[in-house]
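Okay, so here's the structure we're looking at.
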Amino acid sequence: MEKILLIYIIVFVAAEFIISSVLSSLNRSWMSHPIPNVLKGIYDSNTYAKQQRYARECDRIGWIDRVFSFILTIIVLVTGLLGWLNDAVCVPAFTNPLWQLILFLVISQTVMTLIGIPFSYYSTFVVEQRYGFNKTTHRTFWADTAKSFALSIVLSSVLIGVIFLLYQTWRDDFWIYALAVCVAVMIFFSMFYSNLIVPLFNKQTPLEPGELRSAIEIAVKSAGFSIKDIYVINGSKHSTKANAYFTGLGRTKRVVLYDTLIQQLTTEEIVAVLGHELGHYSHHDTWKMLGFNIVYIAVNFYVFSLLVSNPALPKALGGTQWSFALALVAFSLLFTPIDIILKPIINWASRINEYYADAFAVECGYGKELISGLKKLHANSLSNLTPHPLYIKFHFSHPSLEQRVIAIQDYDRELSQPNDAEYGHYGDDDKK
Ligand SMILES: [Zn+2]
């Protein structure tokens with residue numbers, strides 16, 4: 001039985017590798033396609049040549065990373081390395097299965113972090129540096145790496161440790177309690193992410209009074225909202241790339257603008273980007289995505305609860321005895337095909353939310369400024385303007401710039417002919 005399971009796992013891992021490789025090569029083959037009409041003029045010829053080099057370099061690193069991870073995963077599976085690690089942590093000093101589980105998690109995550117460091121180092125200090133994006137110092141890089149490592153060790157050990165204790169207590173029904181714990185954790189972090197996690201890596205300061213703050217306050221008020229918390233984050237500590245986002249739930253909701261966004265966009269364009277963020281708020285997108293994730297995790301936990309006690313799961317990874325850690329790893333690998341199917345669905349839902357958020361900004365009268373703001377943001381980050389349609393469907397949480405600009409222009413035009421303006425076609429992702 002465990003041999004068949006191992007073969008399934010290897011086939012799934014290989015299928016995922018093949019699918020992502022095919023999608024990437026399709027995307028690569030479209031990189032030099034002519035720039036769409038609505039986006040002409042974003043790059044001059046020099047910048048375009050630079051963009052093409054940058055896109056290919058990023059693609060190459062992605063490819064090396066993917067091949068390396070695939071080969072490594074196959075080696076780990078075939079040699080039964082995880083089973084060996086699991087036996088190794090069952091030493092007399094750690095007779096308590098909870099400590100054995102945590103030791104397993106700490107060692108495996110340490111190894112994974114160490115393997116990932118050369119890739120992120122090269123990407124930050126060679127590629128991003130070469131194209132003028134990188135602002136991260138070596139000191140910041142190592143401090144950030146250490147902090148995210150510590151954070152992931154602590155969070156995963158506590159969460160998986162608690163889930164294990166629930167399993168020990170409730171056996172088959174543990175998934176209901178585990179789900180409740182996860183939902184509580186997710187809501188907690190949705191609410192306090194800005195207060196607890198972001199300050200570890202960046203500084204956030206309230207947007208100072210002035211032209212921009214007044215313009216934003218007027219825009220927020222005229223859209224019928226009351227968001228007082230508008231923050232500026234020092235994204236320039238890491239990169240010149242700019243962004244803005246809406247975060248938090250209930251009383252903790254806030255709009256966060258990157259300082260780089262404020263440097264690169266005009267006041268009108270920033271207000272338009274904010275209009276898009278208000279669209280997310282008005283459509284309760286944070287709650288919707290949270291709901292989506294809860295359903296996904298519930299399905300995961302339920303299926304896991306059916307399989308967790310099966311001794312074939314740990315044995316498939318080379319374990320000589322039953323172990324919660326090995327069962328969890330084997331299960332997550334067996335769940336790969338469901339992930340492959342779900343990922344494009346989740347991204348599709350997210351792209352619909354993005355279209356509607358854009359539509360909201362258009363309804364507020366910011367259509368033209370949103371387009372010019374988005375174009376600047378894409379140009380300044382040397383974004384690929386011709387992604388392959390299939391690549392968009394699988395990997396893009398936002399529609400492509402071309403799709404967004406066309407949709408915004410269409411809706412803006414419809415609204416200026418007030419007879420039958422309706423945003424019905426939004427969400428029709430295939431429309432180009
Ligand atoms: Zn958005």
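By order of appearance in the structure tokens: chains A, B, ..., then residues from 1 within every chain, and ligands from 1 in the order shown.
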
**Message:** Please extract the residues of range 232-409 of chain A with a backbone DSSP assignment of alpha helix (DSSP H) and present them as a ChimeraX atom specification.
**Reply:** /A:259-264,267-282,285-307,312-316,324-334,336-363,367-380,389-395,401-409

**Request:** Residues within 7 Å of ligand 1, counting only C-alpha atoms and all ligand atoms: report them as number ranges by chain.
**Result:** A: 276-277, 280, 354, 357

Take the selection from the previous step and output its residues with C-alpha atoms, as a PDB file, in the first residue's frame.
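Saved the output as out-v6.pdb:
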```pdb
ATOM      1  CA  HIS A 276      -9.761  50.891  -5.969  1.00  0.00           C
ATOM      2  CA  GLU A 277      -8.888  49.944  -2.369  1.00  0.00           C
ATOM      3  CA  HIS A 280     -12.417  46.179  -1.943  1.00  0.00           C
ATOM      4  CA  GLU A 354     -10.107  43.227  -8.629  1.00  0.00           C
ATOM      5  CA  ALA A 357     -12.694  47.222  -7.185  1.00  0.00           C
TER       6      ALA A 357
END
```

**Request:** Determine, counting only C-alpha atoms, which protein, DNA and RNA residues have an atom within 12 Å of an atom of Ile294 in chain A; residues of the same chain fewer than 5 positions away are not included. Present the result as JSON, numbers by chain.
**Result:** {"A": [176, 178, 179, 180, 181, 182, 183, 184, 185, 186, 187, 287, 288, 289, 299, 300, 301]}

Restrict the selected residues to all heavy atoms and save them as a short mmCIF file (atom, residue, chain, number, x, y, z; two decimals), in the first residue's frame.
```
data_model
loop_
_atom_site.label_atom_id
_atom_site.label_comp_id
_atom_site.auth_asym_id
_atom_site.auth_seq_id
_atom_site.Cartn_x
_atom_site.Cartn_y
_atom_site.Cartn_z
N ILE A 176 -12.87 19.26 13.52
CA ILE A 176 -13.81 20.35 13.81
C ILE A 176 -13.16 21.36 14.75
O ILE A 176 -13.23 22.57 14.53
CB ILE A 176 -15.09 19.78 14.47
CG1 ILE A 176 -15.74 18.76 13.52
CG2 ILE A 176 -16.06 20.89 14.81
CD1 ILE A 176 -16.84 17.95 14.15
N ALA A 178 -9.87 21.66 15.27
CA ALA A 178 -8.71 22.23 14.59
C ALA A 178 -9.16 23.37 13.66
O ALA A 178 -8.51 24.42 13.58
CB ALA A 178 -7.99 21.15 13.79
N LEU A 179 -10.30 23.14 13.00
CA LEU A 179 -10.82 24.19 12.11
C LEU A 179 -11.18 25.44 12.91
O LEU A 179 -10.85 26.56 12.52
CB LEU A 179 -12.06 23.66 11.36
CG LEU A 179 -12.74 24.65 10.43
CD1 LEU A 179 -11.82 25.04 9.28
CD2 LEU A 179 -14.04 24.07 9.86
N ALA A 180 -11.83 25.21 14.07
CA ALA A 180 -12.21 26.35 14.91
C ALA A 180 -10.98 27.15 15.32
O ALA A 180 -10.97 28.38 15.27
CB ALA A 180 -12.97 25.86 16.14
N VAL A 181 -9.91 26.43 15.70
CA VAL A 181 -8.67 27.10 16.10
C VAL A 181 -8.11 27.91 14.93
O VAL A 181 -7.73 29.08 15.06
CB VAL A 181 -7.62 26.07 16.60
CG1 VAL A 181 -6.26 26.72 16.77
CG2 VAL A 181 -8.08 25.46 17.92
N CYS A 182 -8.08 27.29 13.74
CA CYS A 182 -7.51 27.97 12.56
C CYS A 182 -8.32 29.20 12.19
O CYS A 182 -7.76 30.23 11.81
CB CYS A 182 -7.44 27.02 11.38
SG CYS A 182 -6.04 25.93 11.52
N VAL A 183 -9.65 29.08 12.26
CA VAL A 183 -10.50 30.23 11.93
C VAL A 183 -10.20 31.38 12.90
O VAL A 183 -10.04 32.53 12.48
CB VAL A 183 -11.99 29.85 11.97
CG1 VAL A 183 -12.88 31.08 11.88
CG2 VAL A 183 -12.32 28.88 10.83
N ALA A 184 -10.09 31.04 14.19
CA ALA A 184 -9.79 32.08 15.18
C ALA A 184 -8.45 32.74 14.88
O ALA A 184 -8.32 33.97 14.91
CB ALA A 184 -9.78 31.47 16.59
N VAL A 185 -7.44 31.91 14.54
CA VAL A 185 -6.11 32.45 14.23
C VAL A 185 -6.16 33.34 13.00
O VAL A 185 -5.57 34.43 12.95
CB VAL A 185 -5.09 31.28 14.04
CG1 VAL A 185 -3.78 31.79 13.47
CG2 VAL A 185 -4.85 30.58 15.35
N MET A 186 -6.90 32.89 11.96
CA MET A 186 -6.99 33.67 10.72
C MET A 186 -7.66 35.02 10.96
O MET A 186 -7.21 36.05 10.44
CB MET A 186 -7.76 32.88 9.64
CG MET A 186 -6.88 31.85 8.95
SD MET A 186 -7.88 30.62 8.12
CE MET A 186 -8.63 31.59 6.87
N ILE A 187 -8.76 35.00 11.73
CA ILE A 187 -9.45 36.26 12.00
C ILE A 187 -8.55 37.17 12.82
O ILE A 187 -8.43 38.37 12.54
CB ILE A 187 -10.80 36.00 12.71
CG1 ILE A 187 -11.75 35.30 11.73
CG2 ILE A 187 -11.42 37.31 13.21
CD1 ILE A 187 -13.10 34.97 12.27
N TRP A 287 -13.55 39.82 3.92
CA TRP A 287 -14.43 38.79 4.48
C TRP A 287 -14.64 37.66 3.49
O TRP A 287 -14.65 36.48 3.86
CB TRP A 287 -15.78 39.38 4.89
CG TRP A 287 -15.71 40.14 6.18
CD1 TRP A 287 -15.81 41.49 6.34
CD2 TRP A 287 -15.54 39.60 7.51
NE1 TRP A 287 -15.69 41.83 7.66
CE2 TRP A 287 -15.54 40.69 8.41
CE3 TRP A 287 -15.38 38.30 8.02
CZ2 TRP A 287 -15.38 40.52 9.79
CZ3 TRP A 287 -15.23 38.14 9.38
CH2 TRP A 287 -15.23 39.24 10.25
N LYS A 288 -14.84 38.04 2.22
CA LYS A 288 -15.11 37.01 1.20
C LYS A 288 -13.93 36.06 1.06
O LYS A 288 -14.10 34.84 1.03
CB LYS A 288 -15.36 37.68 -0.16
CG LYS A 288 -16.77 38.20 -0.33
CD LYS A 288 -16.93 38.66 -1.76
CE LYS A 288 -17.96 39.76 -1.84
NZ LYS A 288 -17.82 40.56 -3.06
N MET A 289 -12.71 36.63 0.98
CA MET A 289 -11.53 35.78 0.81
C MET A 289 -11.31 34.93 2.07
O MET A 289 -10.90 33.78 1.99
CB MET A 289 -10.28 36.60 0.47
CG MET A 289 -10.28 37.20 -0.94
SD MET A 289 -10.92 36.13 -2.26
CE MET A 289 -9.46 35.36 -2.91
N VAL A 299 -12.18 21.64 4.16
CA VAL A 299 -12.09 20.45 3.30
C VAL A 299 -10.78 19.72 3.58
O VAL A 299 -10.74 18.49 3.75
CB VAL A 299 -12.18 20.86 1.81
CG1 VAL A 299 -11.91 19.66 0.90
CG2 VAL A 299 -13.55 21.45 1.50
N ASN A 300 -9.68 20.50 3.66
CA ASN A 300 -8.38 19.92 3.96
C ASN A 300 -8.40 19.11 5.26
O ASN A 300 -7.97 17.96 5.29
CB ASN A 300 -7.35 21.05 4.15
CG ASN A 300 -6.50 21.24 2.92
OD1 ASN A 300 -5.55 20.52 2.71
ND2 ASN A 300 -6.87 22.21 2.12
N PHE A 301 -8.89 19.73 6.32
CA PHE A 301 -8.90 19.08 7.62
C PHE A 301 -9.78 17.84 7.62
O PHE A 301 -9.42 16.82 8.21
CB PHE A 301 -9.38 20.04 8.71
CG PHE A 301 -8.27 20.86 9.31
CD1 PHE A 301 -8.43 22.21 9.55
CD2 PHE A 301 -7.06 20.28 9.64
CE1 PHE A 301 -7.41 22.97 10.11
CE2 PHE A 301 -6.03 21.02 10.19
CZ PHE A 301 -6.21 22.37 10.42
#
```

How close does each residue of range 266-385 of chain A get to range 208-212 of chain A, giving the shortest atom pair and distance in Å to one decimal for every residue with an atom at most 9 Å away, counting only C-alpha atoms, sorted by chain and residue number, as a Markdown table?
```
| residue | atom | partner | partner_atom | distance |
| --- | --- | --- | --- | --- |
| A:Thr267 | CA | A:Leu212 | CA | 5.9 |
| A:Glu268 | CA | A:Leu212 | CA | 8.7 |
| A:Ile270 | CA | A:Leu212 | CA | 8.3 |
| A:Val271 | CA | A:Leu212 | CA | 8.2 |
```

Export of the given selection (C-alpha atoms) as an mmCIF file, in the first residue's frame:
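selection-v9.cif, freshly written:
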```
data_model
loop_
_atom_site.group_PDB
_atom_site.id
_atom_site.type_symbol
_atom_site.label_atom_id
_atom_site.label_comp_id
_atom_site.auth_asym_id
_atom_site.auth_seq_id
_atom_site.Cartn_x
_atom_site.Cartn_y
_atom_site.Cartn_z
ATOM 1 C CA THR A 267 -2.140 63.125 -5.931
ATOM 2 C CA GLU A 268 -5.009 62.375 -8.351
ATOM 3 C CA ILE A 270 -3.002 58.067 -5.606
ATOM 4 C CA VAL A 271 -6.625 58.991 -4.871
#
```

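Nearest to Leu290 in chain A of all the residues A:Trp175, A:Phe133, A:Phe188, A:Tyr121 is A:Phe188, based on only C-alpha atoms.
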
Would you kindly return, as a short mmCIF file (atom, residue, chain, number, x, y, z; two decimals) with all heavy atoms, in the first residue's frame, each protein, DNA or RNA residue with an atom no farther than 9 Å from any atom of range 371-379 of chain A, considering only C-alpha atoms and excluding same-chain residues fewer than 4 positions away?
```cif
data_model
loop_
_atom_site.label_atom_id
_atom_site.label_comp_id
_atom_site.auth_asym_id
_atom_site.auth_seq_id
_atom_site.Cartn_x
_atom_site.Cartn_y
_atom_site.Cartn_z
N LEU A 39 -1.72 49.83 -24.41
CA LEU A 39 -0.56 50.04 -23.52
C LEU A 39 0.64 50.65 -24.26
O LEU A 39 1.72 50.79 -23.70
CB LEU A 39 -0.13 48.72 -22.88
CG LEU A 39 -1.20 47.95 -22.11
CD1 LEU A 39 -0.62 46.70 -21.48
CD2 LEU A 39 -1.82 48.83 -21.01
N ILE A 42 4.05 53.00 -23.06
CA ILE A 42 4.47 52.83 -21.65
C ILE A 42 5.99 52.78 -21.57
O ILE A 42 6.59 53.38 -20.68
CB ILE A 42 3.85 51.55 -21.06
CG1 ILE A 42 2.38 51.78 -20.76
CG2 ILE A 42 4.59 51.11 -19.81
CD1 ILE A 42 1.75 50.71 -19.93
N TYR A 43 6.61 52.06 -22.51
CA TYR A 43 8.07 51.96 -22.51
C TYR A 43 8.65 52.64 -23.74
O TYR A 43 8.12 52.45 -24.84
CB TYR A 43 8.50 50.48 -22.58
CG TYR A 43 8.13 49.66 -21.37
CD1 TYR A 43 7.44 48.46 -21.49
CD2 TYR A 43 8.52 50.07 -20.09
CE1 TYR A 43 7.12 47.69 -20.38
CE2 TYR A 43 8.20 49.31 -18.97
CZ TYR A 43 7.50 48.12 -19.13
OH TYR A 43 7.20 47.36 -18.03
N THR A 47 13.96 51.38 -22.52
CA THR A 47 13.34 50.77 -21.34
C THR A 47 12.72 49.43 -21.70
O THR A 47 12.75 48.48 -20.91
CB THR A 47 12.26 51.70 -20.75
OG1 THR A 47 12.73 53.02 -20.83
CG2 THR A 47 11.95 51.35 -19.31
N GLN A 51 13.36 45.98 -19.99
CA GLN A 51 12.25 45.17 -19.45
C GLN A 51 12.35 43.73 -19.94
O GLN A 51 12.16 42.79 -19.17
CB GLN A 51 10.92 45.81 -19.88
CG GLN A 51 9.69 45.14 -19.32
CD GLN A 51 9.21 43.98 -20.15
OE1 GLN A 51 9.33 43.98 -21.38
NE2 GLN A 51 8.67 42.96 -19.49
N LYS A 241 9.83 49.34 -5.87
CA LYS A 241 8.51 48.96 -6.37
C LYS A 241 7.42 49.49 -5.43
O LYS A 241 7.61 49.50 -4.21
CB LYS A 241 8.42 47.44 -6.54
CG LYS A 241 9.30 46.96 -7.69
CD LYS A 241 9.26 45.46 -7.87
CE LYS A 241 10.14 45.05 -9.05
NZ LYS A 241 10.27 43.60 -9.18
N ALA A 242 6.29 49.91 -6.00
CA ALA A 242 5.27 50.60 -5.22
C ALA A 242 3.99 49.79 -5.13
O ALA A 242 3.73 48.92 -5.96
CB ALA A 242 4.97 51.95 -5.84
N ASN A 243 3.19 50.10 -4.10
CA ASN A 243 1.96 49.33 -3.90
C ASN A 243 1.04 50.09 -2.94
O ASN A 243 1.45 51.10 -2.34
CB ASN A 243 2.32 47.97 -3.32
CG ASN A 243 1.25 46.93 -3.56
OD1 ASN A 243 0.19 47.26 -4.10
ND2 ASN A 243 1.51 45.71 -3.15
N LEU A 261 4.91 54.73 -3.61
CA LEU A 261 3.71 55.08 -4.39
C LEU A 261 3.52 56.59 -4.37
O LEU A 261 3.23 57.22 -5.40
CB LEU A 261 2.48 54.39 -3.79
CG LEU A 261 1.18 54.54 -4.54
CD1 LEU A 261 1.01 53.40 -5.53
CD2 LEU A 261 -0.02 54.56 -3.61
N GLN A 264 5.98 58.26 -6.69
CA GLN A 264 5.90 58.02 -8.14
C GLN A 264 4.61 58.52 -8.77
O GLN A 264 4.57 58.77 -9.97
CB GLN A 264 6.05 56.51 -8.40
CG GLN A 264 7.44 55.97 -8.07
CD GLN A 264 7.51 54.44 -8.10
OE1 GLN A 264 6.67 53.79 -8.70
NE2 GLN A 264 8.51 53.89 -7.43
N LEU A 265 3.52 58.63 -7.97
CA LEU A 265 2.22 58.97 -8.57
C LEU A 265 1.79 60.39 -8.17
O LEU A 265 2.22 60.91 -7.13
CB LEU A 265 1.16 57.96 -8.08
CG LEU A 265 0.88 56.76 -8.99
CD1 LEU A 265 2.16 56.03 -9.34
CD2 LEU A 265 -0.10 55.80 -8.34
N THR A 266 0.94 60.99 -9.00
CA THR A 266 0.39 62.30 -8.65
C THR A 266 -0.69 62.11 -7.59
O THR A 266 -1.18 60.98 -7.38
CB THR A 266 -0.26 62.97 -9.87
OG1 THR A 266 -1.40 62.18 -10.25
CG2 THR A 266 0.70 63.07 -11.05
N GLU A 268 -3.78 62.90 -7.74
CA GLU A 268 -5.01 62.37 -8.35
C GLU A 268 -4.89 60.86 -8.58
O GLU A 268 -5.85 60.11 -8.37
CB GLU A 268 -5.29 63.06 -9.70
CG GLU A 268 -5.69 64.52 -9.60
CD GLU A 268 -4.51 65.45 -9.30
OE1 GLU A 268 -3.35 65.03 -9.53
OE2 GLU A 268 -4.75 66.56 -8.79
N GLU A 269 -3.71 60.44 -9.01
CA GLU A 269 -3.53 59.00 -9.27
C GLU A 269 -3.56 58.21 -7.96
O GLU A 269 -4.11 57.10 -7.92
CB GLU A 269 -2.19 58.77 -10.00
CG GLU A 269 -2.24 59.20 -11.47
CD GLU A 269 -0.85 59.37 -12.09
OE1 GLU A 269 0.15 59.35 -11.36
OE2 GLU A 269 -0.78 59.53 -13.32
N ILE A 270 -2.97 58.77 -6.90
CA ILE A 270 -3.00 58.07 -5.61
C ILE A 270 -4.45 57.94 -5.12
O ILE A 270 -4.87 56.88 -4.64
CB ILE A 270 -2.14 58.81 -4.56
CG1 ILE A 270 -0.67 58.78 -5.00
CG2 ILE A 270 -2.27 58.18 -3.18
CD1 ILE A 270 0.23 59.69 -4.20
N ALA A 272 -7.02 57.78 -6.96
CA ALA A 272 -7.67 56.77 -7.80
C ALA A 272 -7.33 55.37 -7.32
O ALA A 272 -8.19 54.49 -7.24
CB ALA A 272 -7.25 56.95 -9.26
N VAL A 273 -6.04 55.16 -6.98
CA VAL A 273 -5.61 53.85 -6.44
C VAL A 273 -6.35 53.58 -5.13
O VAL A 273 -6.83 52.47 -4.88
CB VAL A 273 -4.08 53.81 -6.24
CG1 VAL A 273 -3.67 52.56 -5.47
CG2 VAL A 273 -3.36 53.85 -7.59
N TYR A 366 -12.75 58.16 -11.09
CA TYR A 366 -11.28 58.15 -11.17
C TYR A 366 -10.75 57.30 -12.31
O TYR A 366 -9.58 56.91 -12.29
CB TYR A 366 -10.68 57.62 -9.86
CG TYR A 366 -11.16 58.31 -8.62
CD1 TYR A 366 -11.57 57.57 -7.51
CD2 TYR A 366 -11.20 59.70 -8.54
CE1 TYR A 366 -12.01 58.20 -6.35
CE2 TYR A 366 -11.64 60.33 -7.38
CZ TYR A 366 -12.05 59.56 -6.30
OH TYR A 366 -12.47 60.17 -5.15
N GLY A 367 -11.60 56.95 -13.27
CA GLY A 367 -11.18 56.02 -14.33
C GLY A 367 -9.86 56.40 -14.98
O GLY A 367 -8.93 55.59 -15.03
N SER A 383 7.24 45.75 -15.60
CA SER A 383 6.30 44.64 -15.65
C SER A 383 6.16 44.09 -17.08
O SER A 383 6.26 44.83 -18.05
CB SER A 383 5.00 45.19 -15.11
OG SER A 383 3.97 44.34 -15.31
N ASN A 384 5.94 42.77 -17.16
CA ASN A 384 5.71 42.13 -18.47
C ASN A 384 4.29 42.49 -18.94
O ASN A 384 3.32 42.15 -18.27
CB ASN A 384 5.87 40.61 -18.30
CG ASN A 384 5.50 39.85 -19.54
OD1 ASN A 384 5.50 40.39 -20.65
ND2 ASN A 384 5.18 38.57 -19.37
N LEU A 385 4.19 43.13 -20.11
CA LEU A 385 2.87 43.61 -20.56
C LEU A 385 2.14 42.58 -21.41
O LEU A 385 1.00 42.79 -21.79
CB LEU A 385 3.03 44.91 -21.37
CG LEU A 385 3.68 46.08 -20.61
CD1 LEU A 385 3.73 47.31 -21.50
CD2 LEU A 385 2.94 46.38 -19.33
N LEU A 401 -2.58 44.01 -16.96
CA LEU A 401 -2.78 45.46 -17.13
C LEU A 401 -3.67 45.74 -18.34
O LEU A 401 -4.55 46.60 -18.29
CB LEU A 401 -1.42 46.16 -17.28
CG LEU A 401 -1.49 47.67 -17.42
CD1 LEU A 401 -2.12 48.32 -16.20
CD2 LEU A 401 -0.10 48.26 -17.66
N ARG A 404 -7.25 45.12 -17.50
CA ARG A 404 -7.78 46.14 -16.58
C ARG A 404 -8.05 47.45 -17.32
O ARG A 404 -9.11 48.06 -17.16
CB ARG A 404 -6.80 46.38 -15.43
CG ARG A 404 -6.78 45.24 -14.44
CD ARG A 404 -5.79 45.48 -13.34
NE ARG A 404 -6.30 46.38 -12.30
CZ ARG A 404 -5.65 46.63 -11.17
NH1 ARG A 404 -4.47 46.10 -10.95
NH2 ARG A 404 -6.17 47.44 -10.27
N VAL A 405 -7.08 47.85 -18.15
CA VAL A 405 -7.24 49.13 -18.84
C VAL A 405 -8.45 49.09 -19.77
O VAL A 405 -9.28 50.01 -19.78
CB VAL A 405 -5.94 49.49 -19.62
CG1 VAL A 405 -6.19 50.66 -20.56
CG2 VAL A 405 -4.82 49.82 -18.65
N ILE A 408 -11.65 49.17 -17.67
CA ILE A 408 -11.87 50.50 -17.08
C ILE A 408 -12.36 51.47 -18.16
O ILE A 408 -13.33 52.21 -17.96
CB ILE A 408 -10.58 51.03 -16.41
CG1 ILE A 408 -10.20 50.16 -15.20
CG2 ILE A 408 -10.76 52.48 -15.96
CD1 ILE A 408 -8.81 50.42 -14.65
N GLN A 409 -11.69 51.46 -19.31
CA GLN A 409 -12.09 52.36 -20.41
C GLN A 409 -13.53 52.08 -20.84
O GLN A 409 -14.33 53.01 -21.01
CB GLN A 409 -11.16 52.17 -21.62
CG GLN A 409 -9.83 52.87 -21.47
CD GLN A 409 -8.89 52.60 -22.63
OE1 GLN A 409 -9.09 51.66 -23.40
NE2 GLN A 409 -7.85 53.42 -22.74
#
```

**Message:** Using DSSP assignments from the backbone, pull out every residue in range 229-337 of chain A that falls under strand (DSSP E or B) and give it to me as JSON, numbers by chain.
**Reply:** {"A": [230, 231, 232, 233, 239, 244, 245, 246, 247, 254, 255, 256, 257, 258]}

**Asked** Quick one: distance from CA of Pro118 in chain A to CA of Phe70 in chain A in Å, one decimal?
**Response**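 Result for CA of Pro118 in chain A versus CA of Phe70 in chain A: 16.5 Å, one decimal.
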
**Message:** Just checking: using only C-alpha atoms, which residue out of A:Ile197, A:Cys364, A:Ile7, A:Leu342 ends up closest to Lys221 in chain A?
**Reply:**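 That would be A:Cys364, the residue with the smallest distance to Lys221 in chain A.
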